[in-house]
file upload.txt (compact mmCIF, C-alpha atoms and all ligand atoms)
# COMPACT_ATOMS: atom_id res chain seq x y z
CA MET A 195 24.10 -30.17 21.89
CA ALA A 196 22.61 -27.00 23.35
CA ALA A 197 20.42 -27.40 26.43
CA PRO A 198 17.26 -25.55 25.45
CA PHE A 199 16.81 -22.20 27.11
CA ARG A 200 19.22 -22.76 30.02
CA LEU A 201 20.04 -19.02 29.71
CA LYS A 202 16.49 -17.73 29.28
CA SER A 203 16.12 -14.00 30.19
CA MET A 204 19.88 -13.56 30.55
CA LEU A 205 21.87 -10.85 28.76
CA ALA A 206 25.34 -11.91 27.66
CA LEU A 207 28.12 -9.67 26.38
CA VAL A 208 30.67 -11.38 24.13
CA THR A 209 33.85 -9.54 23.09
CA GLY A 210 35.59 -10.66 19.93
CA GLY A 211 32.09 -11.75 18.92
CA GLY A 212 32.70 -11.00 15.26
CA SER A 213 35.03 -13.95 14.67
CA GLY A 214 36.18 -17.44 15.62
CA ILE A 215 35.51 -18.48 19.20
CA GLY A 216 33.54 -15.32 20.10
CA ARG A 217 31.18 -15.90 17.17
CA ALA A 218 30.60 -19.56 18.15
CA VAL A 219 30.03 -18.51 21.78
CA SER A 220 27.49 -15.88 20.68
CA GLN A 221 25.65 -18.49 18.61
CA ARG A 222 25.64 -21.05 21.40
CA LEU A 223 24.47 -18.63 24.12
CA SER A 224 21.65 -17.45 21.85
CA LEU A 225 20.59 -21.08 21.22
CA GLU A 226 20.29 -21.48 24.97
CA GLY A 227 17.95 -18.48 25.20
CA ALA A 228 20.28 -15.58 26.08
CA SER A 229 20.08 -12.18 24.46
CA VAL A 230 23.55 -11.33 23.19
CA ALA A 231 25.48 -8.06 22.92
CA VAL A 232 28.01 -8.96 20.23
CA VAL A 233 31.09 -6.74 20.56
CA ASP A 234 34.00 -6.36 18.18
CA LEU A 235 36.54 -3.79 17.09
CA ASP A 236 34.95 -3.77 13.66
CA VAL A 237 31.16 -3.55 13.96
CA SER A 238 30.58 -5.09 10.52
CA SER A 239 31.95 -8.44 11.73
CA ALA A 240 29.68 -8.23 14.80
CA ILE A 241 26.71 -7.49 12.53
CA GLU A 242 27.57 -10.60 10.49
CA THR A 243 27.45 -12.65 13.69
CA LEU A 244 24.10 -11.07 14.54
CA GLN A 245 22.57 -12.67 11.44
CA MET A 246 23.60 -16.12 12.74
CA LEU A 247 21.97 -15.88 16.16
CA SER A 248 18.93 -17.75 17.34
CA ARG A 249 15.76 -15.87 18.29
CA GLY A 250 13.72 -18.76 19.67
CA LEU A 251 12.16 -17.01 22.64
CA PRO A 252 9.77 -14.07 22.82
CA GLY A 253 11.71 -10.98 23.85
CA GLN A 254 15.06 -12.51 22.89
CA GLU A 255 16.99 -9.77 21.08
CA HIS A 256 20.57 -9.24 20.01
CA GLU A 257 22.64 -6.22 19.07
CA ALA A 258 26.07 -5.52 17.61
CA PHE A 259 28.44 -3.00 19.18
CA ALA A 260 31.84 -1.61 18.21
CA ALA A 261 34.36 -1.24 21.04
CA ASP A 262 38.07 -1.44 21.66
CA VAL A 263 38.40 -3.53 24.83
CA SER A 264 41.88 -2.16 25.51
CA GLN A 265 40.57 1.41 26.03
CA LEU A 266 38.80 2.42 29.24
CA GLN A 267 36.68 5.09 27.54
CA SER A 268 35.55 2.68 24.86
CA VAL A 269 34.55 0.05 27.45
CA GLU A 270 32.67 2.61 29.56
CA ALA A 271 30.79 3.83 26.48
CA LEU A 272 30.04 0.23 25.50
CA ILE A 273 28.47 -0.64 28.86
CA GLU A 274 26.32 2.51 28.69
CA GLN A 275 25.17 1.65 25.15
CA VAL A 276 24.36 -1.94 26.13
CA GLN A 277 22.41 -0.86 29.22
CA SER A 278 20.48 1.68 27.20
CA ARG A 279 19.68 -0.76 24.35
CA PHE A 280 18.53 -3.65 26.58
CA SER A 281 17.39 -1.68 29.67
CA LEU A 282 19.47 -4.00 31.82
CA SER A 283 23.10 -4.88 32.50
CA PRO A 284 24.83 -7.99 31.22
CA ARG A 285 25.34 -10.66 33.87
CA ILE A 286 27.26 -12.96 31.56
CA ALA A 287 30.46 -11.70 29.94
CA VAL A 288 32.75 -13.74 27.71
CA ASN A 289 36.08 -12.09 26.98
CA SER A 290 37.16 -13.59 23.68
CA ALA A 291 38.75 -10.54 21.99
CA GLY A 292 42.41 -11.32 21.47
CA ILE A 293 45.35 -10.72 19.20
CA THR A 294 48.78 -12.17 18.45
CA ARG A 295 51.91 -10.28 17.41
CA ASP A 296 54.38 -13.16 17.20
CA GLU A 297 58.12 -12.63 17.20
CA PHE A 298 61.10 -14.25 18.89
CA LEU A 299 61.94 -12.61 22.20
CA LEU A 300 65.27 -11.28 20.94
CA ARG A 301 63.47 -9.32 18.22
CA LEU A 302 60.16 -8.52 19.94
CA SER A 303 59.36 -4.80 19.93
CA GLU A 304 57.98 -2.91 22.90
CA GLU A 305 54.96 -1.99 20.75
CA SER A 306 54.16 -5.66 20.01
CA PHE A 307 54.51 -6.54 23.68
CA ASP A 308 52.30 -3.65 24.83
CA SER A 309 49.57 -4.15 22.24
CA VAL A 310 49.12 -7.85 23.05
CA LEU A 311 49.04 -7.17 26.80
CA SER A 312 46.57 -4.31 26.25
CA VAL A 313 44.02 -6.33 24.30
CA ASN A 314 44.46 -9.79 25.87
CA LEU A 315 44.94 -8.84 29.54
CA LYS A 316 43.87 -5.24 30.11
CA GLY A 317 40.75 -5.90 27.99
CA PRO A 318 39.42 -8.66 30.29
CA PHE A 319 40.30 -6.48 33.30
CA LEU A 320 38.31 -3.50 31.97
CA ILE A 321 35.31 -5.61 30.94
CA THR A 322 35.30 -7.60 34.21
CA GLN A 323 35.45 -4.39 36.23
CA ALA A 324 32.73 -2.65 34.21
CA VAL A 325 30.34 -5.64 34.25
CA ALA A 326 30.92 -6.28 37.96
CA ARG A 327 30.37 -2.61 38.80
CA ALA A 328 27.08 -2.69 36.90
CA VAL A 329 25.95 -5.83 38.77
CA VAL A 330 26.85 -4.28 42.13
CA ALA A 331 25.12 -1.00 41.21
CA SER A 332 21.96 -2.92 40.24
CA GLY A 333 21.70 -4.23 43.81
CA GLN A 334 20.92 -7.71 42.45
CA ASN A 335 23.77 -10.12 42.90
CA GLY A 336 24.79 -12.78 40.40
CA GLY A 337 26.76 -13.20 37.23
CA SER A 338 29.31 -15.24 35.34
CA ILE A 339 32.48 -13.87 33.77
CA ILE A 340 34.36 -16.15 31.43
CA ASN A 341 37.81 -15.26 30.20
CA ILE A 342 39.46 -17.03 27.31
CA GLY A 343 43.02 -17.91 28.25
CA SER A 344 45.31 -20.23 26.30
CA ILE A 345 47.33 -23.37 26.92
CA VAL A 346 50.26 -21.23 25.72
CA GLY A 347 49.92 -19.24 28.97
CA LYS A 348 50.71 -22.43 30.87
CA VAL A 349 53.41 -24.03 28.74
CA GLY A 350 54.88 -21.17 26.64
CA ASN A 351 55.39 -21.27 22.89
CA LEU A 352 58.18 -20.21 20.56
CA GLY A 353 57.65 -16.66 19.30
CA GLN A 354 54.82 -15.92 21.73
CA SER A 355 56.40 -14.47 24.88
CA ASN A 356 53.98 -11.51 24.75
CA TYR A 357 50.95 -13.74 24.12
CA ALA A 358 51.97 -16.34 26.75
CA ALA A 359 52.49 -13.60 29.35
CA SER A 360 49.08 -12.09 28.57
CA LYS A 361 47.31 -15.44 28.86
CA ALA A 362 49.11 -16.43 32.09
CA GLY A 363 48.01 -13.03 33.38
CA VAL A 364 44.40 -13.74 32.43
CA GLU A 365 44.36 -16.77 34.73
CA GLY A 366 45.80 -14.75 37.64
CA LEU A 367 43.34 -11.93 37.02
CA THR A 368 40.43 -14.38 36.88
CA ARG A 369 41.37 -16.26 40.06
CA THR A 370 41.67 -12.96 41.95
CA ALA A 371 38.43 -11.57 40.53
CA ALA A 372 36.75 -14.85 41.58
CA LYS A 373 37.85 -14.28 45.20
CA GLU A 374 36.84 -10.61 45.28
CA LEU A 375 33.53 -10.91 43.43
CA ALA A 376 32.18 -14.09 45.05
CA ARG A 377 30.39 -12.01 47.68
CA PHE A 378 28.36 -10.43 44.90
CA GLY A 379 27.47 -13.84 43.48
CA ILE A 380 29.68 -13.26 40.44
CA ARG A 381 31.63 -16.32 39.33
CA CYS A 382 34.82 -15.88 37.26
CA ASN A 383 36.46 -18.68 35.33
CA THR A 384 39.01 -19.15 32.57
CA VAL A 385 38.54 -21.40 29.58
CA VAL A 386 41.93 -22.53 28.33
CA PRO A 387 41.83 -23.63 24.69
CA GLY A 388 44.60 -25.51 22.94
CA PHE A 389 44.72 -25.12 19.14
CA ILE A 390 41.35 -24.20 17.68
CA SER A 391 40.55 -23.72 13.95
CA THR A 392 39.77 -19.99 13.64
CA PRO A 393 41.07 -17.00 11.65
CA MET A 394 43.71 -16.61 14.39
CA THR A 395 45.23 -20.04 13.72
CA GLN A 396 44.87 -19.59 9.94
CA ARG A 397 47.85 -17.24 10.31
CA VAL A 398 49.99 -20.09 11.72
CA PRO A 399 52.05 -21.95 9.08
CA GLN A 400 50.42 -25.25 8.07
CA LYS A 401 53.50 -27.29 9.00
CA VAL A 402 53.34 -25.92 12.57
CA LEU A 403 49.61 -26.73 12.80
CA ASP A 404 50.29 -30.24 11.48
CA LYS A 405 52.99 -30.70 14.12
CA PHE A 406 50.64 -29.68 16.93
CA ALA A 407 47.75 -31.74 15.52
CA GLY A 408 50.02 -34.78 15.67
CA MET A 409 50.63 -34.13 19.37
CA ILE A 410 46.92 -33.92 20.29
CA PRO A 411 45.68 -37.17 21.86
CA LEU A 412 42.16 -36.63 20.45
CA GLY A 413 43.77 -36.36 17.01
CA ARG A 414 42.49 -33.02 15.66
CA LEU A 415 42.52 -29.28 16.21
CA GLY A 416 39.53 -28.05 18.17
CA ASP A 417 36.49 -26.34 16.66
CA PRO A 418 35.25 -23.01 18.05
CA GLU A 419 32.07 -24.88 19.08
CA ASP A 420 34.15 -27.10 21.41
CA VAL A 421 35.09 -23.96 23.35
CA ALA A 422 31.56 -22.54 23.15
CA ASP A 423 30.17 -25.71 24.79
CA VAL A 424 32.26 -25.05 27.89
CA CYS A 425 31.46 -21.32 27.93
CA ALA A 426 27.73 -22.13 27.88
CA PHE A 427 28.19 -24.50 30.82
CA LEU A 428 30.13 -21.86 32.77
CA ALA A 429 27.53 -19.20 31.93
CA SER A 430 24.71 -21.38 33.25
CA ASP A 431 23.66 -22.47 36.72
CA ASP A 432 24.91 -25.95 35.87
CA SER A 433 28.30 -24.63 37.03
CA LYS A 434 26.95 -22.73 40.05
CA TYR A 435 29.62 -24.10 42.43
CA ILE A 436 32.55 -23.42 40.07
CA THR A 437 34.57 -20.23 40.38
CA GLY A 438 38.25 -19.37 40.00
CA ALA A 439 38.72 -22.45 37.84
CA SER A 440 40.66 -22.92 34.63
CA ILE A 441 39.14 -25.49 32.29
CA GLU A 442 41.37 -26.80 29.50
CA VAL A 443 39.78 -27.47 26.12
CA THR A 444 42.79 -28.89 24.34
CA GLY A 445 41.94 -32.40 23.14
CA GLY A 446 44.49 -33.53 25.72
CA LEU A 447 47.44 -31.52 24.35
CA PHE A 448 50.29 -31.26 26.91
CA LEU A 449 48.63 -33.72 29.29
P1 LIG A 501 39.92 -14.39 16.07
O1 LIG A 501 39.13 -15.23 15.14
O2 LIG A 501 41.05 -13.58 15.55
O3 LIG A 501 38.89 -13.46 16.88
C1 LIG A 501 39.31 -12.47 17.75
C2 LIG A 501 38.41 -11.27 17.58
O4 LIG A 501 38.79 -10.25 18.54
C3 LIG A 501 38.55 -10.64 16.19
O5 LIG A 501 37.27 -10.36 15.65
C4 LIG A 501 39.31 -9.36 16.51
O6 LIG A 501 39.07 -8.31 15.60
C5 LIG A 501 38.76 -9.01 17.87
N1 LIG A 501 39.58 -7.99 18.52
C6 LIG A 501 40.92 -7.79 18.39
N2 LIG A 501 41.30 -6.73 19.10
C7 LIG A 501 40.19 -6.23 19.70
C8 LIG A 501 39.96 -5.12 20.53
N3 LIG A 501 40.96 -4.31 20.92
N4 LIG A 501 38.70 -4.88 20.96
C9 LIG A 501 37.68 -5.68 20.56
N5 LIG A 501 37.85 -6.75 19.76
C10 LIG A 501 39.09 -7.02 19.32
O7 LIG A 501 40.56 -15.30 17.21
P2 LIG A 501 40.00 -16.59 17.99
O8 LIG A 501 40.84 -17.72 17.60
O9 LIG A 501 38.53 -16.68 17.90
O10 LIG A 501 40.42 -16.20 19.46
C11 LIG A 501 39.49 -15.82 20.45
C12 LIG A 501 40.19 -15.86 21.80
O11 LIG A 501 40.62 -17.20 22.05
C13 LIG A 501 41.43 -14.99 21.87
O12 LIG A 501 41.51 -14.41 23.16
C14 LIG A 501 42.54 -15.98 21.67
O13 LIG A 501 43.74 -15.54 22.25
C15 LIG A 501 41.98 -17.19 22.37
N6 LIG A 501 42.58 -18.45 21.96
C16 LIG A 501 42.50 -18.86 20.66
C17 LIG A 501 43.08 -20.08 20.32
C18 LIG A 501 43.04 -20.63 18.93
O14 LIG A 501 43.69 -21.63 18.68
N7 LIG A 501 42.29 -20.03 18.02
C19 LIG A 501 43.72 -20.85 21.30
C20 LIG A 501 43.77 -20.39 22.58
C21 LIG A 501 43.19 -19.19 22.91
P3 LIG A 501 40.12 -8.12 14.36
O15 LIG A 501 39.97 -9.35 13.54
O16 LIG A 501 39.62 -6.86 13.72
O17 LIG A 501 41.48 -8.00 14.99
call {"tool": "encode", "arguments": {"input": "upload.txt", "output": "structure tokens"}}
result
Amino acid sequence: MAAPFRLKSMLALVTGGGSGIGRAVSQRLSLEGASVAVVDLDVSSAIETLQMLSRGLPGQEHEAFAADVSQLQSVEALIEQVQSRFSLSPRIAVNSAGITRDEFLLRLSEESFDSVLSVNLKGPFLITQAVARAVVASGQNGGSIINIGSIVGKVGNLGQSNYAASKAGVEGLTRTAAKELARFGIRCNTVVPGFISTPMTQRVPQKVLDKFAGMIPLGRLGDPEDVADVCAFLASDDSKYITGASIEVTGGLFL
């Protein structure tokens, strides 16, 4: 249940906002009063998300942007476009853009390794750096950066050495950013989902999903909204003494 207007007057940037977890996060942050910059590789998916956002407060506006989070130039252009559209910088960033290119290690190509690391790990680095620089340049401290990791980064998974490495890296990046950026009032945390029903998991064979579902103490795959609940908490002042943390949203998988 969304706390009404906990994020009033805040601008949030959500990458991967055109699908799955990023879409649910965009919806939830808007319900809590934030204006949302919805970012995706394909702007049409971000525009679709835009239609689903809440506009309950005067002055609450949302916009869709196309950007490739793995490219420095694209991220720099994105931040400029967002600042120009909203006349302020985002102080909440949720890095949900992510990809998989699954293959067993013995057959994994360099290209599949590099592309997953570029989107899943370099992307959060570029966005964190750009958003933090904008906060510092504004002279007004404060912000919350939320990176979406994965339980696979902690425990590994067959066929996902590239993905697991990227997600383990996200937690290291986030913990270090938390230490460096605390003096600017910017908190950085990782949300660590287990298996969540989204287009990403629709690509996983049903028998594998059934196997994992059977191992989840709470008895079901997660919904994107389960992850969005935790992102909203981390974005808000209700988590003001939490930074450098990793919060698992797994239904108890791998307890
Ligand atoms: P999803 O539905 O596939 O959404 C990911 C979105 O990111 C897609 O819209 C995708 O666009 C976009 N994207 C891909 N590359 C991008 C780039 N270079 N720049 C900007 N956007 C890009 O996946 P999801 O399940 O919501 O996953 C969201 C995040 O949660 C990911 O980081 C994922 O690793 C993580 N996660 C998911 C699960 C799960 O079970 N679903 C579990 C743990 C962690 P395209 O569709 O055009 O590629």
call {"tool": "residues_around", "arguments": {"input": "upload.txt", "residues": "segment 262-273 of chain A", "least_positions_apart": "4", "cutoff": "6 Å", "atoms": "only C-alpha atoms", "output": "ChimeraX atom specification"}}
result
/A:235,312-313,316-317
call {"tool": "atom_distance", "arguments": {"input": "upload.txt", "atom1": "atom CA of Ser360 of chain A", "atom2": "atom CA of Thr392 of chain A"}}
result
19.3 Å
call {"tool": "residues_near_ligand", "arguments": {"input": "upload.txt", "ligand": "ligand LIG 501 (chain A)", "cutoff": "6 Å", "atoms": "only C-alpha atoms and all ligand atoms", "output": "ChimeraX atom specification"}}
result
/A:209-210,212-216,234-236,261-264,290-293,313,342-344,387-395
call {"tool": "atom_distance", "arguments": {"input": "upload.txt", "atom1": "atom CA of Val325 of chain A", "atom2": "atom CA of Ile340 of chain A"}}
result
11.6 Å
call {"tool": "residues_around", "arguments": {"input": "upload.txt", "residues": "Ala371 of chain A", "least_positions_apart": "3", "cutoff": "10 Å", "atoms": "only C-alpha atoms", "output": "JSON, numbers by chain"}}
result
{"A": [319, 322, 323, 326, 339, 365, 366, 367, 368, 374, 375, 376, 380, 381, 382, 383, 437, 438]}
call {"tool": "closest_residue", "arguments": {"input": "upload.txt", "among": "A:Leu320, A:Ala426, A:Ile241, A:Ala359", "to": "Met204 of chain A", "atoms": "only C-alpha atoms"}}
result
A:Ala426
call {"tool": "residues_around", "arguments": {"input": "upload.txt", "residues": "segment 219-223 of chain A", "least_positions_apart": "2", "cutoff": "7 Å", "atoms": "all atoms listed in the file", "output": "compact mmCIF listing (two decimals) with C-alpha atoms, in the frame of the given file"}}
result
# COMPACT_ATOMS: atom_id res chain seq x y z
CA ALA A 196 22.61 -27.00 23.35
CA VAL A 208 30.67 -11.38 24.13
CA GLY A 211 32.09 -11.75 18.92
CA ILE A 215 35.51 -18.48 19.20
CA GLY A 216 33.54 -15.32 20.10
CA ARG A 217 31.18 -15.90 17.17
CA LEU A 225 20.59 -21.08 21.22
CA GLU A 226 20.29 -21.48 24.97
CA GLY A 227 17.95 -18.48 25.20
CA ALA A 228 20.28 -15.58 26.08
CA VAL A 230 23.55 -11.33 23.19
CA VAL A 232 28.01 -8.96 20.23
CA MET A 246 23.60 -16.12 12.74
CA LEU A 247 21.97 -15.88 16.16
CA SER A 248 18.93 -17.75 17.34
CA ALA A 422 31.56 -22.54 23.15
CA CYS A 425 31.46 -21.32 27.93
CA ALA A 426 27.73 -22.13 27.88
call {"tool": "atom_distance", "arguments": {"input": "upload.txt", "atom1": "atom CA of Ala331 of chain A", "atom2": "atom CA of Arg279 of chain A"}}
result
17.7 Å
call {"tool": "closest_residue", "arguments": {"input": "upload.txt", "among": "A:Val402, A:Ala324, A:Val276, A:Val330", "to": "Asn351 of chain A", "atoms": "all atoms listed in the file"}}
result
A:Val402
call {"tool": "closest_residue", "arguments": {"input": "upload.txt", "among": "A:Arg285, A:Arg397, A:Lys434, A:Lys361", "to": "Gly347 of chain A", "atoms": "only C-alpha atoms"}}
result
A:Lys361
call {"tool": "closest_residue", "arguments": {"input": "upload.txt", "among": "A:Leu251, A:Val398, A:Leu315, A:Leu244", "to": "Arg200 of chain A", "atoms": "all atoms listed in the file"}}
result
A:Leu251
call {"tool": "closest_residue", "arguments": {"input": "upload.txt", "among": "A:Gln254, A:Gln334, A:Asn341, A:Asn356", "to": "Asp296 of chain A", "atoms": "only C-alpha atoms"}}
result
A:Asn356
call {"tool": "residues_around", "arguments": {"input": "upload.txt", "residues": "Asp431 of chain A", "least_positions_apart": "2", "cutoff": "10 Å", "atoms": "all atoms listed in the file", "output": "ChimeraX atom specification"}}
result
/A:200-201,337-338,426-429,433-436
call {"tool": "closest_residue", "arguments": {"input": "upload.txt", "among": "A:Val233, A:Leu300, A:Val424, A:Ala372", "to": "Ser355 of chain A", "atoms": "all atoms listed in the file"}}
result
A:Leu300
call {"tool": "residues_near_point", "arguments": {"input": "upload.txt", "point": "(36.5, -32.4, 18.9)", "cutoff": "12 Å", "atoms": "only C-alpha atoms", "output": "list in words"}}
result
Pro387, Gly388, Phe389, Ile390, Ser391, Ala407, Ile410, Pro411, Leu412, Gly413, Arg414, Leu415, Gly416, Asp417, Pro418, Glu419, Asp420, Val421, Ala422, Asp423, Val443, Thr444, Gly445 and Gly446 of chain A
